[in-house]
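**Student:** Before anything else, here's the structure in question.
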Amino acid sequence: MHKEFTLRYEEYGSDRELVPADAELLTAARKATAHAYAPYSHFQVGAAARLANGVLITGTNQENASFPAGICAERTLLSVAGAQHPGVPIETLAISYHNENGMSDRPISPCGICRQSLQEFEQRTGRPMRVILGGETGKVIVLAQSGLLLPFAFSADELR
Ligand code: THU
């Protein structure tokens, strides 16, 4: 039997087409890139989230001379959420970037490890986390929940 996943998402020509709350969050993610520590890749990633209680938080990538010790913006943000706002779901997460070596005119999407972390955060807080992906300019993608980025995810259910 053949089965298939269908990935539905929204695509906008630019941030000007977003509803104001989403545009505000993407702007916050773009601004956050200034606080990235990325002296090795020169690729500054910013993430900004609106929590279910309305609070806005941000995260950025933090690299290290021991490369694997570096952490992505998305997981930095999830750590901020878990540590500073325990139990509060994320309503929407926006991700943007500044590339010192090139353009930032199209969306990037989270790496595999971050997808795993986002998926578990979403599952444990019991609320779909909307995801907004956009560069400094160009088209913007909006997903209704972060779990869409990781079909066949390994989850805590498997450890029971
Ligand atoms: N990076 C992120 O922070 N988030 C992503 O979604 C992709 C990659 C970081 C990791 C590393 O510091 C730099 O970008 C280049 O890979």
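Ordering of the structure tokens sets the chain letters (A, B, ...); residue numbers start at 1 within each chain; ligands are numbered from 1 in the order shown.
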May I have the residues within 10 Å of Arg106 (chain A) as a VMD selection string, using only C-alpha atoms and disregarding those fewer than 4 positions away in the same chain?

**Tutor:** chain A and resid 14 96 to 97 133 to 141

**Student:** Just the residues within 10 Å of Ala23 (chain A), please, counting only C-alpha atoms, with nothing from its chain fewer than 6 positions along; format it as a ChimeraX atom specification.

**Tutor:** /A:14-17,29,94,132,140

**Student:** Which distance in Å separates CA of Cys72 (chain A) and CA of Pro110 (chain A), to one decimal?

**Tutor:**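 Separation between CA of Cys72 (chain A) and CA of Pro110 (chain A): 8.7 Å.
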
**Student:** Using only C-alpha atoms and all ligand atoms, which of A:Arg8, A:Arg50, A:His98, A:His85 sits nearest ligand 1?

**Tutor:**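 Looking at the shortest contact to ligand 1, the residue is A:His98.
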
**Student:** Collect all residues with atoms no farther than 7 Å from ligand 1, counting only C-alpha atoms and all ligand atoms, and output them as a PyMOL selection string.

**Tutor:** chain A and resi 38+41+43-45+60-63+70-74+108-111

**Student:** Could you give me the residues within region 2-35 of chain A that DSSP places in alpha helix (DSSP H), as a list in words?

**Tutor:** Pro20, Ala21, Asp22, Ala23, Glu24, Leu25, Leu26, Thr27, Ala28, Ala29, Arg30, Lys31 and Ala32 of chain A

**Student:** Output N, CA, C and O atoms of each residue in that selection to a file, as a PDB file, in the first residue's frame.

**Tutor:**
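Contents of part03.pdb, as written:
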```
ATOM      1  N   PRO A  20      -0.032  41.723  10.865  1.00  0.00           N
ATOM      2  CA  PRO A  20       0.898  42.548  11.647  1.00  0.00           C
ATOM      3  C   PRO A  20       1.651  41.772  12.739  1.00  0.00           C
ATOM      4  O   PRO A  20       2.856  41.973  12.930  1.00  0.00           O
ATOM      5  N   ALA A  21       0.978  40.866  13.436  1.00  0.00           N
ATOM      6  CA  ALA A  21       1.646  40.125  14.520  1.00  0.00           C
ATOM      7  C   ALA A  21       2.781  39.262  13.976  1.00  0.00           C
ATOM      8  O   ALA A  21       3.850  39.144  14.599  1.00  0.00           O
ATOM      9  N   ASP A  22       2.572  38.665  12.801  1.00  0.00           N
ATOM     10  CA  ASP A  22       3.621  37.828  12.192  1.00  0.00           C
ATOM     11  C   ASP A  22       4.758  38.690  11.668  1.00  0.00           C
ATOM     12  O   ASP A  22       5.937  38.333  11.794  1.00  0.00           O
ATOM     13  N   ALA A  23       4.424  39.825  11.074  1.00  0.00           N
ATOM     14  CA  ALA A  23       5.457  40.736  10.569  1.00  0.00           C
ATOM     15  C   ALA A  23       6.324  41.232  11.728  1.00  0.00           C
ATOM     16  O   ALA A  23       7.547  41.323  11.617  1.00  0.00           O
ATOM     17  N   GLU A  24       5.685  41.520  12.860  1.00  0.00           N
ATOM     18  CA  GLU A  24       6.416  41.988  14.040  1.00  0.00           C
ATOM     19  C   GLU A  24       7.404  40.920  14.530  1.00  0.00           C
ATOM     20  O   GLU A  24       8.551  41.211  14.878  1.00  0.00           O
ATOM     21  N   LEU A  25       6.957  39.671  14.516  1.00  0.00           N
ATOM     22  CA  LEU A  25       7.817  38.590  14.996  1.00  0.00           C
ATOM     23  C   LEU A  25       8.999  38.350  14.060  1.00  0.00           C
ATOM     24  O   LEU A  25      10.127  38.116  14.507  1.00  0.00           O
ATOM     25  N   LEU A  26       8.741  38.429  12.765  1.00  0.00           N
ATOM     26  CA  LEU A  26       9.834  38.253  11.798  1.00  0.00           C
ATOM     27  C   LEU A  26      10.842  39.394  11.939  1.00  0.00           C
ATOM     28  O   LEU A  26      12.059  39.171  11.882  1.00  0.00           O
ATOM     29  N   THR A  27      10.350  40.597  12.170  1.00  0.00           N
ATOM     30  CA  THR A  27      11.252  41.735  12.403  1.00  0.00           C
ATOM     31  C   THR A  27      12.104  41.482  13.639  1.00  0.00           C
ATOM     32  O   THR A  27      13.312  41.755  13.645  1.00  0.00           O
ATOM     33  N   ALA A  28      11.498  40.933  14.684  1.00  0.00           N
ATOM     34  CA  ALA A  28      12.241  40.632  15.922  1.00  0.00           C
ATOM     35  C   ALA A  28      13.328  39.583  15.659  1.00  0.00           C
ATOM     36  O   ALA A  28      14.441  39.678  16.191  1.00  0.00           O
ATOM     37  N   ALA A  29      13.015  38.594  14.826  1.00  0.00           N
ATOM     38  CA  ALA A  29      14.010  37.560  14.490  1.00  0.00           C
ATOM     39  C   ALA A  29      15.161  38.173  13.696  1.00  0.00           C
ATOM     40  O   ALA A  29      16.335  37.864  13.933  1.00  0.00           O
ATOM     41  N   ARG A  30      14.830  39.054  12.773  1.00  0.00           N
ATOM     42  CA  ARG A  30      15.879  39.725  11.980  1.00  0.00           C
ATOM     43  C   ARG A  30      16.769  40.566  12.889  1.00  0.00           C
ATOM     44  O   ARG A  30      17.995  40.548  12.758  1.00  0.00           O
ATOM     45  N   LYS A  31      16.154  41.299  13.811  1.00  0.00           N
ATOM     46  CA  LYS A  31      16.944  42.149  14.719  1.00  0.00           C
ATOM     47  C   LYS A  31      17.821  41.304  15.623  1.00  0.00           C
ATOM     48  O   LYS A  31      18.949  41.681  15.966  1.00  0.00           O
ATOM     49  N   ALA A  32      17.312  40.140  16.023  1.00  0.00           N
ATOM     50  CA  ALA A  32      18.050  39.282  16.950  1.00  0.00           C
ATOM     51  C   ALA A  32      19.359  38.780  16.341  1.00  0.00           C
ATOM     52  O   ALA A  32      20.315  38.485  17.066  1.00  0.00           O
TER      53      ALA A  32
END
```

**Student:** Would you mind reading off the distance between CA of Ile57 (chain A) and CA of Leu93 (chain A), one decimal, in Å?

**Tutor:** 9.4 Å

**Student:** Which neighbours of Thr58 (chain A) fall inside 7 Å, counting only C-alpha atoms, when residues of the same chain fewer than 6 positions from it are skipped, and could you give them as a list in words?

**Tutor:**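 Selected residues are Ala32, Ala47, Ala48, Ala49 and Leu77 of chain A.
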
**Student:** Go ahead and save the residues from that selection, with N, CA and C atoms, as an mmCIF file, in the first residue's frame.

**Tutor:**
```
data_model
loop_
_atom_site.group_PDB
_atom_site.id
_atom_site.type_symbol
_atom_site.label_atom_id
_atom_site.label_comp_id
_atom_site.auth_asym_id
_atom_site.auth_seq_id
_atom_site.Cartn_x
_atom_site.Cartn_y
_atom_site.Cartn_z
ATOM 1 N N ALA A 32 17.312 40.140 16.023
ATOM 2 C CA ALA A 32 18.050 39.282 16.950
ATOM 3 C C ALA A 32 19.359 38.780 16.341
ATOM 4 N N ALA A 47 16.149 33.881 16.080
ATOM 5 C CA ALA A 47 14.819 33.296 16.256
ATOM 6 C C ALA A 47 14.066 34.156 17.259
ATOM 7 N N ALA A 48 12.787 34.332 17.008
ATOM 8 C CA ALA A 48 11.951 35.092 17.944
ATOM 9 C C ALA A 48 10.640 34.352 18.102
ATOM 10 N N ALA A 49 10.155 34.277 19.334
ATOM 11 C CA ALA A 49 8.908 33.547 19.574
ATOM 12 C C ALA A 49 7.943 34.390 20.379
ATOM 13 N N LEU A 77 16.735 29.413 21.724
ATOM 14 C CA LEU A 77 15.418 29.970 22.065
ATOM 15 C C LEU A 77 14.591 28.985 22.899
#
```

**Student:** Between CA of Asn64 (chain A) and CA of Ala36 (chain A), measure the distance and give it in Å to one decimal.

**Tutor:**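 Straight-line distance from CA of Asn64 (chain A) to CA of Ala36 (chain A) works out to 11.7 Å.
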
**Student:** Using DSSP on the backbone, list every residue of chain A that comes out as strand (DSSP E), and give them as an NGL selection string.

**Tutor:** :A and (10-12 or 43-51 or 56-60 or 90-99 or 130-134 or 140-143)

**Student:** Neighbouring residues of Leu51 (chain A) were defined as those with any atom within 7 Å, considering only C-alpha atoms; residues of the same chain fewer than 4 positions away were excluded. Please report them as a list in words.

**Tutor:**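 Neighbouring residues, sequence-local ones excluded: Val55, Leu56, Val88, Pro89, Ile90 and Glu91 of chain A.
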
**Student:** Considering only C-alpha atoms, return as a compact mmCIF listing (two decimals) with C-alpha atoms, in the first residue's frame whatever protein or nucleic-acid residues lie within 9 Å of Leu118 (chain A), sequence-local ones (same chain, fewer than 5 positions apart) excluded.

**Tutor:**
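Final output, saved to out_25.txt:
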```txt
# COMPACT_ATOMS: atom_id res chain seq x y z
CA GLU A 74 16.27 27.68 17.57
CA ARG A 75 17.57 25.52 20.41
CA LEU A 78 13.84 26.74 23.30
CA ILE A 113 18.50 18.43 15.35
CA GLN A 123 4.44 17.84 21.92
CA MET A 129 3.81 25.99 17.26
CA SER A 146 6.61 22.78 13.71
CA GLY A 147 5.95 19.02 13.69
```
